[in-house]
Amino acid sequence: MASPCEVIVETSDKALAQKVGKLVANEVWRIEDKYSRYDKRSLCYQINNNDDRSISIDNETFLLLEFSNTCYLLSEGLFDITSGVLRKVWCFDGSDNVPSIEKVSEILPKIGWSHVNYSETSLTLPKGMEIDLGGIGKEYAVDRAILLIKEFTDLPVLVNLGGDLAATSARNNNQAWQVGIEHPGFEQSQPIVISLLSGALATSGDAKRYLLKDGIRYSHILNAKTGWPIVDAPRSITVNAPQCIQAGILATLALMQGQQAENFLNEQTIKFWAVR
Amino acid sequence: MQLNSKDDQKQKIDLKSALSLATTALLGTATLANAAESVNKDNWSFDTAFLYYGESNRVTASEGIIAATKTFNDDKTLNLKLTVDALTGASANGAVAQPNVQTFTRPSGNGQFQVSAGEVPLDDTFRDTRVQLNAQWTQPIAPDYTASVGGHISKEYDYLSLGINSNLAFDFNKKNSTFSVGMSFFKDTFSPEGGIPNAFSSMVINTNAESEDENEFKQSRLTDSDNKTTVDLMLGFSQIINRRMVMQFNYSYSMVDGYLTDPFKMLSVVDQEGLAQYYLYESRPDKRTKQSFFAQTKYHFEKNILDFSYRYMWDDWQINSHTIDSRLRMPLSGSSYIEPHIRYYQQGAADFYQPFLQQAASLPNFASADYRIGEMNAYTVGIKYGMTMSGGNDLSFRLEYYSQQPTSAGHAEPGVLANMEIYQGVDAVIAQVSYSF
């Protein structure tokens, strides 16, 4: 997952805690192996390199596509899992390397969820297009881990995959989990400490991933319709929701509203913490 | 979802619940309860169904059901169910077919009817409307304990049934196992038109003036009404085996006490030639103890869900039966499914069942020619199609074929009876439409 991951089990039974840890690790690795777009053995890699041919998919993949489809529809196309190809021109390394308008326009025909055909059992991706489940994969892994843990034990457990996290229940004696949200790179911002009784937290935005040119800060949240970064978005938004994947998508959709991000979440009566 | 547009508040709220539903679909049923809670709490939900049951040349029944469930914030639920059904048609009265015309008195004593040669005698005055109301209250009473109590009332023209029930369920093993105990009590009162006939009294056939025989008809009647009580005890155990499989085991013990005879059923008394000489009303014991064992498993494959169950029932009338039932739910797309259904039923006869009585033999303590307690095989094949409509309401259609074939338990068929159809099968069609909202 390219970020530190942890599982906290509230128990004095070391063997049990290790079992829970192993359970989560196996599930997270399974999801990573299946949906990493870098790993040539992954299903995602095969989908992206199948040259217009239909490829058979399993139920889990179908459900993830359905979820992505819902997000695409709800965001009126702003959130699009085929927008990962923009990576070819956008490299958010903190430099001033902003691509030309022409280069971005060349990529745009390769983006568009509506061009993807899929059913419960198969998927056909036009050549040159790619899907990237990175926007929901980590949060999905958190939720899957929580489901597996709940089948295994009633103990309070918190799963944290690089800042996207969820708890199975409140801690013993109904105490809240104290979760610190770090914002590395924002020199002046105080770390936020959130009391989490149950449910999930997900954070979108990353201090290190941006471009700066002529005094304009380009965030790494791209508008899938224009190919250009969202302007005037908060640097980071943390959202609380019952499931991690919900929290994650709400945080991302909020950032996509730019200046209106906080309004957007307020109107939805969603609990969030934004850093500008 | 453009923020600047003037979407009203409702549409904005919809985003949250739309995401919540999408998350439920993605992560499976485990989170369904939570999602449903946030959406459905404190609302009534309704299930309605209309069912048609039609036997070829015999009984047809129409049934309407409306059930309402309200879930309160603290997981208490109230379920109310109203069932209305209407039955009309003819059912076998127990007498055997004969090579000549037979005459019978209607069960009410008012009038007669004739049955052609070679035909299985059917009583065609079968007509009834039943109204049934059930209420059930369920609530958690302590962590891992759920209690439920309910009441039942059912009224027909000549029948009243009152019942109460209670159930206690205990979850353990991280809620993967549930043990339950239940008990119910019913009191049924039967007051058929024309009263209840004396056991083994002869059916009076008044060929001439009706007044002449009225006294005699009355003498064949014991009383106007009678009743029975039923006590059921149930033990249940369900176990989640893994993510895909759940199993359920039930045992039930049932004691029925009181009037268990069917006042409309009779037996032909035949001579050595197999010719009916007269007809006697049937007689059954006034106690019956039934036990049954039930096992069910549901298995969720990648797409399909298999539901398979087996029931073994036995009682002290020496009836025993095996029921095998299986359904396979196959999703067609995200929102619709088809579900084929196969059921097989095999029953052994009660020890006092006999298709007719022989004049030469002495009268047994009990006897009944009711095909429903005789030896039989039956099967049902059917298919259901269901869909979730936009807005989340469920609509389904079910069509089934039922075939019941009584078989001979080895009773000799003297004289003319060898050429008569004694064990006549019943074929029926069942159609149902259900809608939940």
# chains A, B, ... in the order shown; residues from 1 in each chain; ligands from 1

call {"tool": "interface_residues", "arguments": {"of": "chain A", "to": "chain B", "cutoff": "9 Å", "atoms": "only C-alpha atoms", "output": "PyMOL selection string"}}
result
chain A and resi 58-60+63-64+66-67+70-71+74-76+119-120+140+143-144+147+150-154+242-243+245-246+249-250+257+260-261+263-264+267-270

call {"tool": "write_last_selection", "arguments": {"atoms": "C-alpha atoms", "output": "tab-separated table (two decimals), in the first residue's frame"}}
result
chain	number	residue	atom	x	y	z
A	58	ASP	CA	-15.31	-11.90	-10.75
A	59	ASN	CA	-18.07	-10.66	-8.48
A	60	GLU	CA	-15.77	-8.58	-6.27
A	63	LEU	CA	-19.07	-4.75	-7.27
A	64	LEU	CA	-16.09	-2.36	-7.22
A	66	GLU	CA	-20.57	-0.74	-9.73
A	67	PHE	CA	-19.44	1.38	-6.80
A	70	THR	CA	-22.23	5.22	-8.72
A	71	CYS	CA	-19.51	7.70	-7.77
A	74	LEU	CA	-23.15	11.14	-8.39
A	75	SER	CA	-20.23	13.44	-9.24
A	76	GLU	CA	-21.50	14.03	-12.77
A	119	SER	CA	-21.36	-6.74	-17.06
A	120	GLU	CA	-21.40	-8.96	-14.00
A	140	TYR	CA	-12.06	-0.70	0.46
A	143	ASP	CA	-13.69	-1.96	5.20
A	144	ARG	CA	-12.97	-5.53	4.12
A	147	LEU	CA	-15.68	-7.16	8.13
A	150	LYS	CA	-15.89	-8.78	13.11
A	151	GLU	CA	-16.40	-12.35	11.96
A	152	PHE	CA	-13.38	-13.39	13.96
A	153	THR	CA	-13.63	-11.50	17.25
A	154	ASP	CA	-15.74	-9.08	19.29
A	242	PRO	CA	-19.83	4.68	8.86
A	243	GLN	CA	-17.57	2.98	6.28
A	245	ILE	CA	-14.91	3.85	1.46
A	246	GLN	CA	-17.77	6.29	2.02
A	249	ILE	CA	-15.16	9.19	-1.59
A	250	LEU	CA	-16.84	12.04	0.29
A	257	GLN	CA	-15.71	21.22	-5.30
A	260	GLN	CA	-16.90	25.20	-2.11
A	261	ALA	CA	-15.48	22.05	-0.50
A	263	ASN	CA	-19.89	24.16	2.03
A	264	PHE	CA	-20.46	20.95	0.16
A	267	GLU	CA	-24.79	20.94	3.34
A	268	GLN	CA	-24.58	17.17	3.44
A	269	THR	CA	-24.38	17.33	7.26
A	270	ILE	CA	-21.15	15.38	7.14

call {"tool": "residues_around", "arguments": {"residues": "segment 430-436 of chain B", "least_positions_apart": "5", "cutoff": "7 Å", "atoms": "only C-alpha atoms", "output": "compact mmCIF listing (two decimals) with N, CA and C atoms, in the first residue's frame"}}
result
# COMPACT_ATOMS: atom_id res chain seq x y z
N PHE B 46 -44.23 -2.49 4.21
CA PHE B 46 -45.38 -3.34 3.91
C PHE B 46 -45.04 -4.45 2.93
N ASP B 47 -45.58 -5.61 3.16
CA ASP B 47 -45.48 -6.70 2.20
C ASP B 47 -46.91 -7.10 1.84
N THR B 48 -47.16 -7.17 0.55
CA THR B 48 -48.49 -7.58 0.13
C THR B 48 -48.35 -8.72 -0.86
N ALA B 49 -49.36 -9.58 -0.89
CA ALA B 49 -49.31 -10.69 -1.84
C ALA B 49 -50.73 -11.10 -2.19
N PHE B 50 -50.89 -11.55 -3.42
CA PHE B 50 -52.15 -12.15 -3.82
C PHE B 50 -51.83 -13.52 -4.40
N LEU B 51 -52.56 -14.53 -3.90
CA LEU B 51 -52.27 -15.88 -4.32
C LEU B 51 -53.52 -16.56 -4.87
N TYR B 52 -53.35 -17.31 -5.95
CA TYR B 52 -54.43 -18.11 -6.50
C TYR B 52 -54.00 -19.56 -6.47
N TYR B 53 -54.90 -20.43 -5.98
CA TYR B 53 -54.62 -21.85 -5.94
C TYR B 53 -55.79 -22.55 -6.61
N GLY B 54 -55.52 -23.31 -7.63
CA GLY B 54 -56.63 -23.97 -8.34
C GLY B 54 -56.35 -25.44 -8.59
N ASN B 393 -38.48 -0.74 -4.14
CA ASN B 393 -39.57 -1.66 -3.84
C ASN B 393 -39.39 -2.97 -4.60
N ASP B 394 -39.84 -4.06 -3.97
CA ASP B 394 -39.65 -5.38 -4.57
C ASP B 394 -40.95 -5.93 -5.13
N LEU B 395 -40.86 -6.47 -6.35
CA LEU B 395 -42.01 -7.07 -7.00
C LEU B 395 -41.62 -8.48 -7.42
N SER B 396 -42.49 -9.47 -7.13
CA SER B 396 -42.14 -10.81 -7.59
C SER B 396 -43.37 -11.58 -8.05
N PHE B 397 -43.13 -12.54 -8.94
CA PHE B 397 -44.17 -13.39 -9.50
C PHE B 397 -43.75 -14.84 -9.28
N ARG B 398 -44.72 -15.66 -8.87
CA ARG B 398 -44.40 -17.07 -8.63
C ARG B 398 -45.45 -17.91 -9.33
N LEU B 399 -45.00 -18.95 -10.01
CA LEU B 399 -45.92 -19.86 -10.67
C LEU B 399 -45.47 -21.28 -10.33
N GLU B 400 -46.41 -22.09 -9.80
CA GLU B 400 -46.02 -23.43 -9.41
C GLU B 400 -47.07 -24.45 -9.82
N TYR B 401 -46.59 -25.68 -10.02
CA TYR B 401 -47.47 -26.78 -10.32
C TYR B 401 -47.34 -27.79 -9.19

call {"tool": "residues_around", "arguments": {"residues": "segment 78-91 of chain A", "least_positions_apart": "2", "cutoff": "8 Å", "atoms": "only C-alpha atoms", "output": "PDB file with C-alpha atoms, in the first residue's frame"}}
result
ATOM      1  CA  SER A  68     -17.158   3.416  -9.083  1.00  0.00           C
ATOM      2  CA  CYS A  71     -19.508   7.698  -7.772  1.00  0.00           C
ATOM      3  CA  TYR A  72     -19.101   8.697 -11.421  1.00  0.00           C
ATOM      4  CA  SER A  75     -20.228  13.435  -9.241  1.00  0.00           C
ATOM      5  CA  GLU A  76     -21.499  14.034 -12.767  1.00  0.00           C
ATOM      6  CA  ASP A  93       6.629  16.324  -7.428  1.00  0.00           C
ATOM      7  CA  ASN A  97       6.580  21.226 -14.215  1.00  0.00           C
ATOM      8  CA  VAL A  98       3.043  22.114 -15.393  1.00  0.00           C
ATOM      9  CA  PRO A  99       2.199  20.402 -18.729  1.00  0.00           C
ATOM     10  CA  LYS A 103      -0.410  17.736 -23.951  1.00  0.00           C
ATOM     11  CA  VAL A 104      -3.356  17.538 -21.588  1.00  0.00           C
ATOM     12  CA  ILE A 107      -4.825  12.600 -23.185  1.00  0.00           C
ATOM     13  CA  LYS A 110      -8.398   8.274 -23.353  1.00  0.00           C
ATOM     14  CA  ILE A 111     -10.615   9.216 -20.411  1.00  0.00           C
ATOM     15  CA  GLY A 112     -14.289   8.486 -20.041  1.00  0.00           C
ATOM     16  CA  TRP A 113     -16.002   5.908 -17.888  1.00  0.00           C
ATOM     17  CA  MET A 129      -7.612   3.456 -21.699  1.00  0.00           C
ATOM     18  CA  GLU A 130      -6.791   2.412 -18.152  1.00  0.00           C
ATOM     19  CA  ILE A 131      -8.719   1.928 -14.990  1.00  0.00           C
ATOM     20  CA  ASP A 132      -7.227   2.805 -11.651  1.00  0.00           C
ATOM     21  CA  LEU A 133      -8.908   1.739  -8.426  1.00  0.00           C
ATOM     22  CA  GLY A 135      -8.887   6.203  -5.436  1.00  0.00           C
ATOM     23  CA  ASN A 223     -10.913  17.204 -12.787  1.00  0.00           C
ATOM     24  CA  ALA A 224     -11.508  14.148 -14.995  1.00  0.00           C
ATOM     25  CA  LYS A 225     -13.532  16.224 -17.444  1.00  0.00           C
ATOM     26  CA  GLY A 227      -7.737  17.086 -17.199  1.00  0.00           C
ATOM     27  CA  LEU A 253     -15.726  14.605  -3.955  1.00  0.00           C
ATOM     28  CA  MET A 256     -13.376  18.398  -6.280  1.00  0.00           C
TER      29      MET A 256
END

call {"tool": "residues_around", "arguments": {"residues": "segment 195-204 of chain A", "least_positions_apart": "4", "cutoff": "6 Å", "atoms": "only C-alpha atoms", "output": "ChimeraX atom specification"}}
result
/A:164-167,169-170,176-178,236-244,247-248,251-252

call {"tool": "write_last_selection", "arguments": {"atoms": "C-alpha atoms", "output": "PDB file, in the first residue's frame"}}
result
ATOM      1  CA  ASP A 164      -7.473   5.776   6.120  1.00  0.00           C
ATOM      2  CA  LEU A 165      -8.869   3.954   9.106  1.00  0.00           C
ATOM      3  CA  ALA A 166     -11.866   2.402  10.818  1.00  0.00           C
ATOM      4  CA  ALA A 167     -12.704   0.796  14.149  1.00  0.00           C
ATOM      5  CA  SER A 169     -16.352  -0.714  17.871  1.00  0.00           C
ATOM      6  CA  ALA A 170     -15.573   1.676  20.682  1.00  0.00           C
ATOM      7  CA  ALA A 176     -13.249   6.590  22.065  1.00  0.00           C
ATOM      8  CA  TRP A 177     -10.167   5.896  19.973  1.00  0.00           C
ATOM      9  CA  GLN A 178      -7.900   8.946  19.907  1.00  0.00           C
ATOM     10  CA  SER A 236      -6.534  18.232   2.961  1.00  0.00           C
ATOM     11  CA  ILE A 237      -9.952  17.048   4.084  1.00  0.00           C
ATOM     12  CA  THR A 238     -10.672  14.327   6.647  1.00  0.00           C
ATOM     13  CA  VAL A 239     -14.201  12.906   6.661  1.00  0.00           C
ATOM     14  CA  ASN A 240     -16.009  10.700   9.179  1.00  0.00           C
ATOM     15  CA  ALA A 241     -18.540   8.128   7.866  1.00  0.00           C
ATOM     16  CA  PRO A 242     -19.825   4.681   8.857  1.00  0.00           C
ATOM     17  CA  GLN A 243     -17.570   2.983   6.284  1.00  0.00           C
ATOM     18  CA  CYS A 244     -14.104   3.992   5.163  1.00  0.00           C
ATOM     19  CA  ALA A 247     -15.528   8.624   4.000  1.00  0.00           C
ATOM     20  CA  GLY A 248     -12.869   8.436   1.299  1.00  0.00           C
ATOM     21  CA  ALA A 251     -13.434  13.586   1.012  1.00  0.00           C
ATOM     22  CA  THR A 252     -12.422  13.285  -2.638  1.00  0.00           C
TER      23      THR A 252
END

call {"tool": "select_by_dssp", "arguments": {"residues": "segment 157-323 of chain B", "states": "strand (DSSP E)", "output": "ChimeraX atom specification"}}
result
/B:159-172,177-190,196-197,221-223,226-242,245-258,266-270,276-281,287-300,305-315,320-323

call {"tool": "residues_around", "arguments": {"residues": "Val20 of chain A", "least_positions_apart": "5", "cutoff": "12 Å", "atoms": "only C-alpha atoms", "output": "PDB file with N, CA and C atoms, in the first residue's frame"}}
result
ATOM      1  N   GLU A   6      -1.282  -0.181  10.190  1.00  0.00           N
ATOM      2  CA  GLU A   6      -1.257  -0.757  11.537  1.00  0.00           C
ATOM      3  C   GLU A   6      -2.620  -1.313  11.916  1.00  0.00           C
ATOM      4  N   VAL A   7      -2.559  -2.309  12.790  1.00  0.00           N
ATOM      5  CA  VAL A   7      -3.788  -2.898  13.342  1.00  0.00           C
ATOM      6  C   VAL A   7      -3.635  -2.842  14.856  1.00  0.00           C
ATOM      7  N   ILE A   8      -4.573  -2.178  15.532  1.00  0.00           N
ATOM      8  CA  ILE A   8      -4.494  -2.080  16.987  1.00  0.00           C
ATOM      9  C   ILE A   8      -5.621  -2.907  17.584  1.00  0.00           C
ATOM     10  N   VAL A   9      -5.245  -3.908  18.395  1.00  0.00           N
ATOM     11  CA  VAL A   9      -6.234  -4.787  19.018  1.00  0.00           C
ATOM     12  C   VAL A   9      -6.204  -4.535  20.518  1.00  0.00           C
ATOM     13  N   GLU A  10      -7.360  -4.267  21.098  1.00  0.00           N
ATOM     14  CA  GLU A  10      -7.376  -4.009  22.537  1.00  0.00           C
ATOM     15  C   GLU A  10      -7.557  -5.325  23.287  1.00  0.00           C
ATOM     16  N   THR A  11      -6.431  -5.929  23.625  1.00  0.00           N
ATOM     17  CA  THR A  11      -6.463  -7.210  24.325  1.00  0.00           C
ATOM     18  C   THR A  11      -5.112  -7.449  24.979  1.00  0.00           C
ATOM     19  N   ASP A  13      -4.155 -10.652  25.072  1.00  0.00           N
ATOM     20  CA  ASP A  13      -3.856 -11.949  24.469  1.00  0.00           C
ATOM     21  C   ASP A  13      -3.006 -11.737  23.216  1.00  0.00           C
ATOM     22  N   LYS A  14      -1.711 -11.954  23.366  1.00  0.00           N
ATOM     23  CA  LYS A  14      -0.784 -11.644  22.281  1.00  0.00           C
ATOM     24  C   LYS A  14      -1.039 -12.520  21.047  1.00  0.00           C
ATOM     25  N   ALA A  15      -1.296 -13.803  21.302  1.00  0.00           N
ATOM     26  CA  ALA A  15      -1.497 -14.727  20.180  1.00  0.00           C
ATOM     27  C   ALA A  15      -2.712 -14.314  19.357  1.00  0.00           C
ATOM     28  N   ALA A  25      -3.481  -8.444   7.381  1.00  0.00           N
ATOM     29  CA  ALA A  25      -2.382  -8.340   6.426  1.00  0.00           C
ATOM     30  C   ALA A  25      -2.676  -9.168   5.176  1.00  0.00           C
ATOM     31  N   ASN A  26      -3.153 -10.384   5.381  1.00  0.00           N
ATOM     32  CA  ASN A  26      -3.437 -11.246   4.230  1.00  0.00           C
ATOM     33  C   ASN A  26      -4.497 -10.644   3.319  1.00  0.00           C
ATOM     34  N   GLU A  27      -5.527 -10.063   3.932  1.00  0.00           N
ATOM     35  CA  GLU A  27      -6.603  -9.480   3.134  1.00  0.00           C
ATOM     36  C   GLU A  27      -6.114  -8.257   2.371  1.00  0.00           C
ATOM     37  N   ALA A 145     -11.227  -5.458   5.815  1.00  0.00           N
ATOM     38  CA  ALA A 145     -10.519  -5.922   7.011  1.00  0.00           C
ATOM     39  C   ALA A 145     -11.455  -5.877   8.224  1.00  0.00           C
ATOM     40  N   ILE A 146     -12.204  -4.788   8.339  1.00  0.00           N
ATOM     41  CA  ILE A 146     -13.135  -4.660   9.469  1.00  0.00           C
ATOM     42  C   ILE A 146     -14.181  -5.779   9.439  1.00  0.00           C
ATOM     43  N   LEU A 147     -14.692  -6.083   8.246  1.00  0.00           N
ATOM     44  CA  LEU A 147     -15.684  -7.158   8.125  1.00  0.00           C
ATOM     45  C   LEU A 147     -15.097  -8.486   8.592  1.00  0.00           C
ATOM     46  N   LEU A 148     -13.869  -8.775   8.139  1.00  0.00           N
ATOM     47  CA  LEU A 148     -13.240 -10.045   8.513  1.00  0.00           C
ATOM     48  C   LEU A 148     -12.987 -10.115  10.015  1.00  0.00           C
ATOM     49  N   ILE A 149     -12.539  -9.006  10.583  1.00  0.00           N
ATOM     50  CA  ILE A 149     -12.255  -8.990  12.025  1.00  0.00           C
ATOM     51  C   ILE A 149     -13.536  -9.244  12.817  1.00  0.00           C
ATOM     52  N   LYS A 150     -14.625  -8.616  12.377  1.00  0.00           N
ATOM     53  CA  LYS A 150     -15.886  -8.781  13.113  1.00  0.00           C
ATOM     54  C   LYS A 150     -16.378 -10.218  13.082  1.00  0.00           C
ATOM     55  N   GLU A 151     -16.036 -10.934  12.007  1.00  0.00           N
ATOM     56  CA  GLU A 151     -16.403 -12.354  11.960  1.00  0.00           C
ATOM     57  C   GLU A 151     -15.544 -13.158  12.924  1.00  0.00           C
ATOM     58  N   PHE A 152     -14.361 -12.625  13.214  1.00  0.00           N
ATOM     59  CA  PHE A 152     -13.376 -13.391  13.962  1.00  0.00           C
ATOM     60  C   PHE A 152     -13.435 -13.109  15.464  1.00  0.00           C
ATOM     61  N   THR A 153     -13.662 -11.842  15.832  1.00  0.00           N
ATOM     62  CA  THR A 153     -13.627 -11.498  17.251  1.00  0.00           C
ATOM     63  C   THR A 153     -14.528 -10.306  17.562  1.00  0.00           C
ATOM     64  N   ASP A 154     -14.956 -10.224  18.826  1.00  0.00           N
ATOM     65  CA  ASP A 154     -15.741  -9.080  19.289  1.00  0.00           C
ATOM     66  C   ASP A 154     -14.858  -7.982  19.870  1.00  0.00           C
ATOM     67  N   LEU A 155     -13.556  -8.239  19.976  1.00  0.00           N
ATOM     68  CA  LEU A 155     -12.645  -7.273  20.594  1.00  0.00           C
ATOM     69  C   LEU A 155     -12.617  -5.967  19.806  1.00  0.00           C
ATOM     70  N   PRO A 156     -12.378  -4.849  20.492  1.00  0.00           N
ATOM     71  CA  PRO A 156     -12.241  -3.577  19.767  1.00  0.00           C
ATOM     72  C   PRO A 156     -10.930  -3.575  18.959  1.00  0.00           C
ATOM     73  N   VAL A 157     -11.051  -3.293  17.689  1.00  0.00           N
ATOM     74  CA  VAL A 157      -9.872  -3.285  16.817  1.00  0.00           C
ATOM     75  C   VAL A 157      -9.928  -2.045  15.930  1.00  0.00           C
ATOM     76  N   LEU A 158      -8.763  -1.421  15.720  1.00  0.00           N
ATOM     77  CA  LEU A 158      -8.684  -0.299  14.797  1.00  0.00           C
ATOM     78  C   LEU A 158      -7.712  -0.664  13.680  1.00  0.00           C
ATOM     79  N   VAL A 159      -8.160  -0.461  12.455  1.00  0.00           N
ATOM     80  CA  VAL A 159      -7.315  -0.746  11.294  1.00  0.00           C
ATOM     81  C   VAL A 159      -6.959   0.575  10.633  1.00  0.00           C
TER      82      VAL A 159
END

call {"tool": "residues_around", "arguments": {"residues": "Thr105 of chain B", "least_positions_apart": "4", "cutoff": "7 Å", "atoms": "only C-alpha atoms", "output": "CSV table (one decimal) with N, CA and C atoms, in the first residue's frame"}}
result
chain,number,residue,atom,x,y,z
B,109,GLY,N,-77.2,-31.3,6.2
B,109,GLY,CA,-78.5,-32.0,6.3
B,109,GLY,C,-79.6,-31.5,5.4
B,111,GLY,N,-80.8,-31.2,2.0
B,111,GLY,CA,-80.7,-31.6,0.6
B,111,GLY,C,-79.7,-32.6,0.3
B,112,GLN,N,-79.7,-33.1,-0.9
B,112,GLN,CA,-78.8,-34.2,-1.3
B,112,GLN,C,-78.2,-33.9,-2.6
B,113,PHE,N,-77.2,-34.7,-2.9
B,113,PHE,CA,-76.6,-34.7,-4.3
B,113,PHE,C,-76.2,-36.1,-4.7
B,204,VAL,N,-77.8,-40.4,6.9
B,204,VAL,CA,-79.2,-40.5,6.7
B,204,VAL,C,-79.5,-40.0,5.3
B,205,ILE,N,-80.1,-40.8,4.5
B,205,ILE,CA,-80.5,-40.4,3.1
B,205,ILE,C,-82.0,-40.3,3.1

call {"tool": "closest_residue", "arguments": {"among": "A:Thr168, A:Ser122, A:Thr61, A:Asn48", "to": "Gly137 of chain A", "atoms": "only C-alpha atoms"}}
result
A:Thr61

call {"tool": "closest_residue", "arguments": {"among": "B:Thr261, B:Thr380, B:Ser254, B:Ser238", "to": "Met313 of chain B", "atoms": "only C-alpha atoms"}}
result
B:Ser254

call {"tool": "select_by_dssp", "arguments": {"residues": "segment 184-393 of chain B", "states": "helix (DSSP H, G or I)", "output": "PyMOL selection string"}}
result
chain B and resi 210-219+371-373

call {"tool": "atom_distance", "arguments": {"atom1": "atom CA of Ile342 of chain B", "atom2": "atom CA of Lys81 of chain B"}}
result
27.0 Å

call {"tool": "residues_around", "arguments": {"residues": "Ser191 of chain B", "least_positions_apart": "4", "cutoff": "10 Å", "atoms": "only C-alpha atoms", "output": "list in words"}}
result
Glu156, Tyr157, Asp158, Tyr159, Leu160, Gly195, Ile196, Thr223, Asp224, Ser225, Asp226, Asn227 and Pro263 of chain B

call {"tool": "write_last_selection", "arguments": {"atoms": "N, CA and C atoms", "output": "PDB file, in the first residue's frame"}}
result
ATOM      1  N   GLU B 156     -63.532 -18.463  10.426  1.00  0.00           N
ATOM      2  CA  GLU B 156     -64.248 -18.878   9.241  1.00  0.00           C
ATOM      3  C   GLU B 156     -65.710 -18.966   9.637  1.00  0.00           C
ATOM      4  N   TYR B 157     -66.565 -19.232   8.673  1.00  0.00           N
ATOM      5  CA  TYR B 157     -67.987 -19.372   8.936  1.00  0.00           C
ATOM      6  C   TYR B 157     -68.246 -20.370  10.071  1.00  0.00           C
ATOM      7  N   ASP B 158     -67.547 -21.501  10.023  1.00  0.00           N
ATOM      8  CA  ASP B 158     -67.830 -22.543  11.007  1.00  0.00           C
ATOM      9  C   ASP B 158     -66.623 -22.883  11.879  1.00  0.00           C
ATOM     10  N   TYR B 159     -65.648 -21.973  11.912  1.00  0.00           N
ATOM     11  CA  TYR B 159     -64.400 -22.317  12.594  1.00  0.00           C
ATOM     12  C   TYR B 159     -63.806 -21.084  13.235  1.00  0.00           C
ATOM     13  N   LEU B 160     -63.353 -21.225  14.473  1.00  0.00           N
ATOM     14  CA  LEU B 160     -62.668 -20.111  15.135  1.00  0.00           C
ATOM     15  C   LEU B 160     -61.386 -20.651  15.747  1.00  0.00           C
ATOM     16  N   GLY B 195     -74.284 -29.407  12.634  1.00  0.00           N
ATOM     17  CA  GLY B 195     -73.751 -30.046  13.831  1.00  0.00           C
ATOM     18  C   GLY B 195     -72.659 -31.052  13.540  1.00  0.00           C
ATOM     19  N   ILE B 196     -72.201 -31.682  14.591  1.00  0.00           N
ATOM     20  CA  ILE B 196     -71.120 -32.655  14.478  1.00  0.00           C
ATOM     21  C   ILE B 196     -71.694 -34.057  14.541  1.00  0.00           C
ATOM     22  N   THR B 223     -73.480 -33.115  18.636  1.00  0.00           N
ATOM     23  CA  THR B 223     -73.497 -31.808  19.274  1.00  0.00           C
ATOM     24  C   THR B 223     -73.336 -30.748  18.199  1.00  0.00           C
ATOM     25  N   ASP B 224     -73.516 -29.476  18.585  1.00  0.00           N
ATOM     26  CA  ASP B 224     -73.401 -28.406  17.603  1.00  0.00           C
ATOM     27  C   ASP B 224     -71.959 -28.020  17.317  1.00  0.00           C
ATOM     28  N   SER B 225     -71.145 -28.076  18.360  1.00  0.00           N
ATOM     29  CA  SER B 225     -69.768 -27.664  18.133  1.00  0.00           C
ATOM     30  C   SER B 225     -68.840 -28.451  19.049  1.00  0.00           C
ATOM     31  N   ASP B 226     -67.573 -28.421  18.689  1.00  0.00           N
ATOM     32  CA  ASP B 226     -66.586 -29.097  19.511  1.00  0.00           C
ATOM     33  C   ASP B 226     -65.278 -28.341  19.348  1.00  0.00           C
ATOM     34  N   ASN B 227     -64.304 -28.671  20.190  1.00  0.00           N
ATOM     35  CA  ASN B 227     -63.065 -27.921  20.046  1.00  0.00           C
ATOM     36  C   ASN B 227     -61.847 -28.789  20.268  1.00  0.00           C
ATOM     37  N   PRO B 263     -65.905 -33.686  10.289  1.00  0.00           N
ATOM     38  CA  PRO B 263     -67.339 -34.020  10.299  1.00  0.00           C
ATOM     39  C   PRO B 263     -67.923 -34.172   8.893  1.00  0.00           C
TER      40      PRO B 263
END

call {"tool": "closest_residue", "arguments": {"among": "A:His220, A:Gly180, A:Ala141, A:Thr226", "to": "Pro109 of chain A", "atoms": "only C-alpha atoms"}}
result
A:Thr226

call {"tool": "atom_distance", "arguments": {"atom1": "atom CA of Ser62 of chain B", "atom2": "atom CA of Val429 of chain B"}}
result
11.8 Å

call {"tool": "atom_distance", "arguments": {"atom1": "atom CA of Lys290 of chain B", "atom2": "atom CA of Asp316 of chain B"}}
result
6.8 Å
